[in-house]
Amino acid sequence: MVKALTFKGDKKVKKRKRVDVDEKFGDASASAGKEVKASDEGDDDSWVTAEASGDIVGPIVFVLPSEPPTCIACDPTGKVFASPLENMIDGNPATAEPHDVRQVWVANRVAGTETFSFKGHHGRYLSCDKYGILSANTEAVSPLESFLSIPTVDTPGTFQIQTLRDTFITVKPSTSSKASALPEIRGDADSTTFNTTLRIRMQARFKPKLKANKEEKAREKISRKELEDAVGRKLEDDEVRRLKRARREGDYHEALLLIKVKNKHDKYS
């Protein structure tokens with residue numbers, strides 16, 4: 001294999017690490033207790049920003065309003081901590097992707113409510129106790145593991161994550177004297193501030209709007225041969241255009257019927 005020409009002093013391009021969510025979680029939908037149901041999610045494993053509460057489903061990353069950028073993570077013992085983000089474009093947290101499976105949570109709507117549960121890589125749920133301490137040790141969802149995801153009014157693409165006690169998940173400066181100390185994550189903020197404003201990154205294949213667009217494009221795709229087979233004869237260019245347009249606009253069968261009726265009239269005229 002021929003390698004690209006390099007010169008002394010050239011900066012090495014750092015490759016982005018990527019987490020194979022399906023491999024680490026088994027199947028993203030199955031790992032959510034089979035709560036995420038998807039017949040054909042496709043293979044788009046890119047990450048996008050959730051823009052509305054209805055977008056939040058499947059594997060997600062909670063991007064915290066910290067400097068340097070961090071996200072909510074948990075270890076196998078259920079300890080919740082701020083984890084540095086490495087996968088970003090030009091250091092922009094709005095482009096963040098996980099590089100460590102501990103940074104990924106699987107989001108699902110709690111049945112019959114407007115709240116969400118967030119399951120960690122170890123199969124246990126994010127929880128907030130009465131003291132505002134976050135952990136991920138429980139295997140079942142109760143009110144302690146249920147959170148509201150409220151879009152931030154003046155900052156599109158961000159959310160306030162509210163607990164059952166009407167407090168919010170927030171970041172606080174570390175009490176450690178170390179310069180490299182990461183912020184502390186708590187669930188006891190009484191009001192919304194910059195420190196409670198989180199961005200949620202999610203896999204594109206689960207985003208309803210993108211899924212709808214893909215399904216629409218799939219419906220639009222039909223070959224001339226398929227159209228001619230449906231009609232039973234060779235078609236003129238304008239007839240092909242008319243049927244393709246009808247397929248996009250949702251009245252394909254009516255347009256097809258008109259052309260078939262026209263065939264019979266032409267045949268017996």
# chains A, B, ... in the order shown; residues from 1 in each chain; ligands from 1
>>> residues_around(residues="Ser127 of chain A", least_positions_apart="2", cutoff="7 Å", atoms="only C-alpha atoms", output="list in words")
Tyr125, Asp129, Leu134, Ser135, Ala136, Leu144 and Glu145 of chain A
>>> write_last_selection(atoms="all heavy atoms", output="short mmCIF file (atom, residue, chain, number, x, y, z; two decimals), in the first residue's frame")
data_model
loop_
_atom_site.label_atom_id
_atom_site.label_comp_id
_atom_site.auth_asym_id
_atom_site.auth_seq_id
_atom_site.Cartn_x
_atom_site.Cartn_y
_atom_site.Cartn_z
N TYR A 125 -29.52 2.33 35.86
CA TYR A 125 -30.10 3.62 35.50
C TYR A 125 -29.53 4.79 36.31
O TYR A 125 -29.25 4.66 37.51
CB TYR A 125 -31.62 3.58 35.68
CG TYR A 125 -32.31 2.66 34.71
CD1 TYR A 125 -32.56 1.34 35.04
CD2 TYR A 125 -32.70 3.12 33.45
CE1 TYR A 125 -33.20 0.49 34.14
CE2 TYR A 125 -33.34 2.28 32.56
CZ TYR A 125 -33.58 0.96 32.90
OH TYR A 125 -34.19 0.13 32.01
N ASP A 129 -30.68 11.16 44.29
CA ASP A 129 -31.33 11.02 45.60
C ASP A 129 -31.74 12.38 46.16
O ASP A 129 -31.56 13.43 45.53
CB ASP A 129 -30.43 10.26 46.57
CG ASP A 129 -29.17 11.05 46.97
OD1 ASP A 129 -29.11 12.27 46.72
OD2 ASP A 129 -28.25 10.43 47.53
N LEU A 134 -25.88 12.07 42.37
CA LEU A 134 -26.18 11.22 41.22
C LEU A 134 -25.42 9.90 41.32
O LEU A 134 -24.27 9.85 41.76
CB LEU A 134 -25.80 11.92 39.92
CG LEU A 134 -26.57 13.21 39.60
CD1 LEU A 134 -25.93 13.93 38.43
CD2 LEU A 134 -28.03 12.90 39.29
N SER A 135 -26.08 8.83 40.89
CA SER A 135 -25.46 7.51 40.85
C SER A 135 -26.14 6.70 39.77
O SER A 135 -27.12 7.14 39.17
CB SER A 135 -25.59 6.81 42.21
OG SER A 135 -26.96 6.61 42.52
N ALA A 136 -25.60 5.51 39.50
CA ALA A 136 -26.22 4.62 38.51
C ALA A 136 -26.09 3.19 39.02
O ALA A 136 -25.27 2.41 38.54
CB ALA A 136 -25.55 4.78 37.14
N LEU A 144 -37.09 8.12 41.18
CA LEU A 144 -35.71 8.60 41.35
C LEU A 144 -34.90 8.49 40.05
O LEU A 144 -33.92 9.20 39.86
CB LEU A 144 -35.00 7.79 42.45
CG LEU A 144 -35.51 7.95 43.88
CD1 LEU A 144 -34.78 7.01 44.81
CD2 LEU A 144 -35.34 9.39 44.35
N GLU A 145 -35.32 7.59 39.18
CA GLU A 145 -34.62 7.37 37.90
C GLU A 145 -35.36 8.01 36.73
O GLU A 145 -35.09 7.70 35.57
CB GLU A 145 -34.44 5.87 37.63
CG GLU A 145 -33.49 5.17 38.55
CD GLU A 145 -34.07 4.94 39.94
OE1 GLU A 145 -35.26 4.55 40.03
OE2 GLU A 145 -33.34 5.16 40.93
#
>>> closest_atom_pairs(of="segment 150-224 of chain A", to="segment 92-113 of chain A", cutoff="9 Å", atoms="only C-alpha atoms", output="CSV")
residue,atom,partner,partner_atom,distance
A:Arg199,CA,A:Ala94,CA,7.4
A:Ile200,CA,A:Ala94,CA,8.9
A:Arg201,CA,A:Ala96,CA,7.2
A:Met202,CA,A:Glu97,CA,8.6
>>> select_by_dssp(residues="segment 171-263 of chain A", states="helix (DSSP H, G or I)", output="PyMOL selection string")
chain A and resi 194-196+204-206+208-220+224-231+237-249+252-263
>>> write_last_selection(atoms="N, CA and C atoms", output="short mmCIF file (atom, residue, chain, number, x, y, z; two decimals), in the first residue's frame")
data_model
loop_
_atom_site.label_atom_id
_atom_site.label_comp_id
_atom_site.auth_asym_id
_atom_site.auth_seq_id
_atom_site.Cartn_x
_atom_site.Cartn_y
_atom_site.Cartn_z
N PHE A 194 -26.68 28.95 33.53
CA PHE A 194 -25.76 28.44 32.50
C PHE A 194 -25.23 27.06 32.90
N ASN A 195 -24.99 26.85 34.19
CA ASN A 195 -24.41 25.58 34.64
C ASN A 195 -25.39 24.40 34.58
N THR A 196 -26.67 24.68 34.40
CA THR A 196 -27.66 23.60 34.27
C THR A 196 -28.03 23.35 32.81
N ALA A 204 -27.72 9.72 14.94
CA ALA A 204 -28.60 10.26 13.89
C ALA A 204 -29.70 9.28 13.50
N ARG A 205 -29.40 7.99 13.53
CA ARG A 205 -30.40 7.01 13.06
C ARG A 205 -31.64 6.94 13.93
N PHE A 206 -31.56 7.48 15.17
CA PHE A 206 -32.71 7.46 16.06
C PHE A 206 -33.51 8.77 16.03
N PRO A 208 -36.07 11.27 15.05
CA PRO A 208 -37.32 11.10 14.28
C PRO A 208 -37.34 11.85 12.96
N LYS A 209 -36.89 13.11 12.96
CA LYS A 209 -36.95 13.92 11.74
C LYS A 209 -36.07 13.33 10.65
N LEU A 210 -34.85 12.90 11.03
CA LEU A 210 -33.94 12.32 10.05
C LEU A 210 -34.47 10.98 9.55
N LYS A 211 -35.07 10.20 10.47
CA LYS A 211 -35.65 8.92 10.06
C LYS A 211 -36.78 9.13 9.07
N ALA A 212 -37.62 10.16 9.33
CA ALA A 212 -38.75 10.45 8.44
C ALA A 212 -38.25 10.87 7.06
N ASN A 213 -37.17 11.69 7.04
CA ASN A 213 -36.60 12.12 5.76
C ASN A 213 -36.07 10.94 4.97
N LYS A 214 -35.41 10.01 5.67
CA LYS A 214 -34.88 8.82 4.99
C LYS A 214 -36.00 7.97 4.41
N GLU A 215 -37.07 7.81 5.21
CA GLU A 215 -38.21 7.02 4.74
C GLU A 215 -38.87 7.67 3.53
N GLU A 216 -38.94 9.02 3.57
CA GLU A 216 -39.54 9.74 2.45
C GLU A 216 -38.70 9.58 1.19
N LYS A 217 -37.38 9.67 1.34
CA LYS A 217 -36.50 9.51 0.18
C LYS A 217 -36.59 8.09 -0.37
N ALA A 218 -36.73 7.12 0.54
CA ALA A 218 -36.85 5.72 0.11
C ALA A 218 -38.13 5.53 -0.70
N ARG A 219 -39.19 6.21 -0.26
CA ARG A 219 -40.47 6.12 -1.00
C ARG A 219 -40.36 6.74 -2.37
N GLU A 220 -39.56 7.81 -2.47
CA GLU A 220 -39.44 8.51 -3.74
C GLU A 220 -38.65 7.70 -4.77
N ARG A 224 -37.62 3.61 -13.62
CA ARG A 224 -38.53 3.66 -14.78
C ARG A 224 -39.08 2.27 -15.07
N LYS A 225 -38.21 1.25 -14.94
CA LYS A 225 -38.64 -0.12 -15.21
C LYS A 225 -39.74 -0.55 -14.24
N GLU A 226 -39.60 -0.19 -12.96
CA GLU A 226 -40.62 -0.54 -11.97
C GLU A 226 -41.96 0.12 -12.31
N LEU A 227 -41.87 1.37 -12.77
CA LEU A 227 -43.10 2.08 -13.15
C LEU A 227 -43.74 1.43 -14.37
N GLU A 228 -42.92 1.07 -15.35
CA GLU A 228 -43.45 0.44 -16.57
C GLU A 228 -44.03 -0.94 -16.27
N ASP A 229 -43.40 -1.67 -15.34
CA ASP A 229 -43.95 -2.97 -14.94
C ASP A 229 -45.31 -2.79 -14.26
N ALA A 230 -45.45 -1.71 -13.46
CA ALA A 230 -46.72 -1.47 -12.77
C ALA A 230 -47.83 -1.10 -13.75
N VAL A 231 -47.47 -0.34 -14.81
CA VAL A 231 -48.46 0.10 -15.80
C VAL A 231 -48.73 -1.01 -16.82
N ASP A 237 -41.76 9.99 -21.29
CA ASP A 237 -40.99 10.72 -20.27
C ASP A 237 -41.89 11.51 -19.32
N ASP A 238 -42.92 12.17 -19.90
CA ASP A 238 -43.79 12.99 -19.05
C ASP A 238 -44.62 12.13 -18.11
N GLU A 239 -44.94 10.89 -18.53
CA GLU A 239 -45.69 9.98 -17.66
C GLU A 239 -44.82 9.51 -16.50
N VAL A 240 -43.54 9.26 -16.78
CA VAL A 240 -42.60 8.86 -15.72
C VAL A 240 -42.48 9.98 -14.70
N ARG A 241 -42.33 11.21 -15.20
CA ARG A 241 -42.21 12.37 -14.29
C ARG A 241 -43.47 12.53 -13.45
N ARG A 242 -44.62 12.33 -14.09
CA ARG A 242 -45.89 12.49 -13.40
C ARG A 242 -46.04 11.46 -12.27
N LEU A 243 -45.67 10.22 -12.55
CA LEU A 243 -45.78 9.16 -11.54
C LEU A 243 -44.78 9.35 -10.40
N LYS A 244 -43.58 9.79 -10.72
CA LYS A 244 -42.58 10.02 -9.67
C LYS A 244 -43.00 11.18 -8.77
N ARG A 245 -43.58 12.21 -9.39
CA ARG A 245 -44.06 13.33 -8.59
C ARG A 245 -45.23 12.89 -7.71
N ALA A 246 -46.12 12.08 -8.25
CA ALA A 246 -47.26 11.57 -7.47
C ALA A 246 -46.77 10.71 -6.31
N ARG A 247 -45.69 9.97 -6.54
CA ARG A 247 -45.14 9.13 -5.46
C ARG A 247 -44.62 9.99 -4.31
N ARG A 248 -43.98 11.13 -4.66
CA ARG A 248 -43.49 12.06 -3.64
C ARG A 248 -44.63 12.72 -2.89
N GLU A 249 -45.70 13.04 -3.61
CA GLU A 249 -46.80 13.81 -3.03
C GLU A 249 -47.87 12.94 -2.38
N TYR A 252 -49.75 8.47 -5.58
CA TYR A 252 -49.17 7.60 -6.62
C TYR A 252 -50.22 6.64 -7.19
N HIS A 253 -50.99 5.97 -6.33
CA HIS A 253 -51.93 4.96 -6.81
C HIS A 253 -53.03 5.57 -7.67
N GLU A 254 -53.46 6.78 -7.32
CA GLU A 254 -54.48 7.45 -8.14
C GLU A 254 -53.90 7.78 -9.52
N ALA A 255 -52.67 8.28 -9.56
CA ALA A 255 -52.03 8.62 -10.84
C ALA A 255 -51.82 7.37 -11.68
N LEU A 256 -51.42 6.27 -11.00
CA LEU A 256 -51.21 5.00 -11.71
C LEU A 256 -52.51 4.51 -12.32
N LEU A 257 -53.60 4.62 -11.56
CA LEU A 257 -54.91 4.18 -12.05
C LEU A 257 -55.35 4.98 -13.26
N LEU A 258 -55.11 6.28 -13.25
CA LEU A 258 -55.49 7.14 -14.39
C LEU A 258 -54.77 6.72 -15.66
N ILE A 259 -53.48 6.39 -15.52
CA ILE A 259 -52.71 5.98 -16.70
C ILE A 259 -53.19 4.62 -17.20
N LYS A 260 -53.54 3.72 -16.28
CA LYS A 260 -54.04 2.41 -16.68
C LYS A 260 -55.39 2.53 -17.38
N VAL A 261 -56.24 3.43 -16.87
CA VAL A 261 -57.55 3.67 -17.50
C VAL A 261 -57.34 4.24 -18.88
N LYS A 262 -56.38 5.15 -19.02
CA LYS A 262 -56.07 5.75 -20.32
C LYS A 262 -55.61 4.67 -21.30
N ASN A 263 -54.86 3.68 -20.80
CA ASN A 263 -54.41 2.56 -21.65
C ASN A 263 -55.59 1.82 -22.26
#
>>> closest_residue(among="A:Thr70, A:Gln203, A:Ser149, A:Thr170", to="Ile185 of chain A", atoms="only C-alpha atoms")
A:Thr170
>>> atom_distance(atom1="atom CA of Asp75 of chain A", atom2="atom CA of Thr49 of chain A")
24.2 Å
>>> atom_distance(atom1="atom CA of Gly91 of chain A", atom2="atom CA of Lys172 of chain A")
21.2 Å
>>> residues_around(residues="Gly187 of chain A", least_positions_apart="2", cutoff="9 Å", atoms="only C-alpha atoms", output="list in words")
Cys128, Asp129, Lys130, Tyr131, Gly132, Ile133, Leu134, Ile161, Gln162, Thr163, Thr167, Phe168, Ile169, Thr170, Val171, Ile185 and Ala189 of chain A
>>> write_last_selection(atoms="all heavy atoms", output="short mmCIF file (atom, residue, chain, number, x, y, z; two decimals), in the first residue's frame")
data_model
loop_
_atom_site.label_atom_id
_atom_site.label_comp_id
_atom_site.auth_asym_id
_atom_site.auth_seq_id
_atom_site.Cartn_x
_atom_site.Cartn_y
_atom_site.Cartn_z
N CYS A 128 -31.06 10.13 41.02
CA CYS A 128 -30.71 11.29 41.84
C CYS A 128 -31.44 11.18 43.18
O CYS A 128 -32.68 11.10 43.20
CB CYS A 128 -31.09 12.59 41.13
SG CYS A 128 -30.65 14.07 42.06
N ASP A 129 -30.68 11.16 44.29
CA ASP A 129 -31.33 11.02 45.60
C ASP A 129 -31.74 12.38 46.16
O ASP A 129 -31.56 13.43 45.53
CB ASP A 129 -30.43 10.26 46.57
CG ASP A 129 -29.17 11.05 46.97
OD1 ASP A 129 -29.11 12.27 46.72
OD2 ASP A 129 -28.25 10.43 47.53
N LYS A 130 -32.29 12.39 47.36
CA LYS A 130 -32.83 13.62 47.95
C LYS A 130 -31.75 14.64 48.29
O LYS A 130 -32.04 15.81 48.53
CB LYS A 130 -33.65 13.30 49.20
CG LYS A 130 -32.87 12.65 50.33
CD LYS A 130 -33.81 12.34 51.49
CE LYS A 130 -33.07 11.66 52.64
NZ LYS A 130 -33.97 11.35 53.76
N TYR A 131 -30.49 14.20 48.30
CA TYR A 131 -29.39 15.13 48.59
C TYR A 131 -28.78 15.70 47.30
O TYR A 131 -27.83 16.48 47.36
CB TYR A 131 -28.31 14.41 49.40
CG TYR A 131 -28.82 13.84 50.70
CD1 TYR A 131 -28.96 12.46 50.85
CD2 TYR A 131 -29.20 14.67 51.75
CE1 TYR A 131 -29.45 11.93 52.04
CE2 TYR A 131 -29.69 14.14 52.95
CZ TYR A 131 -29.81 12.77 53.08
OH TYR A 131 -30.30 12.25 54.25
N GLY A 132 -29.31 15.27 46.15
CA GLY A 132 -28.77 15.76 44.88
C GLY A 132 -27.57 14.98 44.39
O GLY A 132 -26.88 15.42 43.47
N ILE A 133 -27.33 13.82 44.99
CA ILE A 133 -26.19 12.98 44.59
C ILE A 133 -26.63 12.05 43.46
O ILE A 133 -27.63 11.33 43.58
CB ILE A 133 -25.65 12.17 45.77
CG1 ILE A 133 -25.12 13.13 46.86
CG2 ILE A 133 -24.54 11.22 45.32
CD1 ILE A 133 -24.74 12.44 48.15
N LEU A 134 -25.88 12.07 42.37
CA LEU A 134 -26.18 11.22 41.22
C LEU A 134 -25.42 9.90 41.32
O LEU A 134 -24.27 9.85 41.76
CB LEU A 134 -25.80 11.92 39.92
CG LEU A 134 -26.57 13.21 39.60
CD1 LEU A 134 -25.93 13.93 38.43
CD2 LEU A 134 -28.03 12.90 39.29
N ILE A 161 -32.23 19.36 32.61
CA ILE A 161 -32.62 18.02 33.05
C ILE A 161 -33.13 18.11 34.49
O ILE A 161 -32.36 18.37 35.42
CB ILE A 161 -31.44 17.03 32.96
CG1 ILE A 161 -30.80 17.10 31.56
CG2 ILE A 161 -31.91 15.62 33.27
CD1 ILE A 161 -31.76 16.78 30.42
N GLN A 162 -34.44 17.91 34.66
CA GLN A 162 -35.09 18.13 35.95
C GLN A 162 -35.40 16.81 36.64
O GLN A 162 -35.85 15.85 36.02
CB GLN A 162 -36.39 18.91 35.74
CG GLN A 162 -37.06 19.38 37.02
CD GLN A 162 -38.32 20.19 36.72
OE1 GLN A 162 -39.18 19.75 35.97
NE2 GLN A 162 -38.41 21.37 37.30
N THR A 163 -35.15 16.77 37.96
CA THR A 163 -35.43 15.57 38.76
C THR A 163 -36.88 15.61 39.27
O THR A 163 -37.58 16.61 39.10
CB THR A 163 -34.49 15.50 39.98
OG1 THR A 163 -34.88 16.50 40.93
CG2 THR A 163 -33.04 15.73 39.57
N THR A 167 -35.59 19.86 41.04
CA THR A 167 -34.24 20.41 40.98
C THR A 167 -33.62 20.03 39.64
O THR A 167 -34.18 19.20 38.90
CB THR A 167 -33.37 19.88 42.13
OG1 THR A 167 -33.34 18.45 42.07
CG2 THR A 167 -33.91 20.33 43.48
N PHE A 168 -32.47 20.59 39.33
CA PHE A 168 -31.86 20.38 38.01
C PHE A 168 -30.44 19.83 38.14
O PHE A 168 -29.71 20.14 39.08
CB PHE A 168 -31.82 21.70 37.23
CG PHE A 168 -33.18 22.29 36.98
CD1 PHE A 168 -33.75 23.18 37.89
CD2 PHE A 168 -33.91 21.94 35.85
CE1 PHE A 168 -35.00 23.72 37.67
CE2 PHE A 168 -35.17 22.47 35.63
CZ PHE A 168 -35.72 23.36 36.54
N ILE A 169 -30.07 19.02 37.14
CA ILE A 169 -28.68 18.56 37.08
C ILE A 169 -27.80 19.75 36.72
O ILE A 169 -28.12 20.53 35.83
CB ILE A 169 -28.52 17.43 36.04
CG1 ILE A 169 -29.24 16.17 36.53
CG2 ILE A 169 -27.05 17.13 35.77
CD1 ILE A 169 -29.16 14.98 35.59
N THR A 170 -26.68 19.88 37.44
CA THR A 170 -25.82 21.04 37.25
C THR A 170 -24.35 20.64 37.41
O THR A 170 -24.05 19.56 37.91
CB THR A 170 -26.18 22.14 38.29
OG1 THR A 170 -25.40 23.31 38.04
CG2 THR A 170 -25.90 21.67 39.71
N VAL A 171 -23.46 21.51 36.96
CA VAL A 171 -22.03 21.31 37.20
C VAL A 171 -21.57 22.35 38.20
O VAL A 171 -22.02 23.50 38.18
CB VAL A 171 -21.19 21.41 35.90
CG1 VAL A 171 -21.42 20.23 35.02
CG2 VAL A 171 -21.50 22.69 35.13
N ILE A 185 -20.63 16.93 39.34
CA ILE A 185 -21.99 16.90 38.79
C ILE A 185 -22.95 16.61 39.93
O ILE A 185 -22.78 15.64 40.67
CB ILE A 185 -22.15 15.81 37.71
CG1 ILE A 185 -21.03 15.88 36.68
CG2 ILE A 185 -23.50 15.95 37.01
CD1 ILE A 185 -21.00 14.69 35.75
N ALA A 189 -29.65 21.75 41.83
CA ALA A 189 -29.80 23.17 41.48
C ALA A 189 -31.27 23.57 41.60
O ALA A 189 -32.15 22.89 41.07
CB ALA A 189 -29.29 23.43 40.07
#
>>> select_by_dssp(residues="segment 181-247 of chain A", states="strand (DSSP E)", output="ChimeraX atom specification")
/A:184-189,197-203
>>> residues_around(residues="Leu182 of chain A", least_positions_apart="5", cutoff="9 Å", atoms="only C-alpha atoms", output="list in words")
Ser66, Glu67, Pro68, Thr70, Phe81, Ala82, Ser83, Pro84, Pro173, Ser174 and Ser176 of chain A
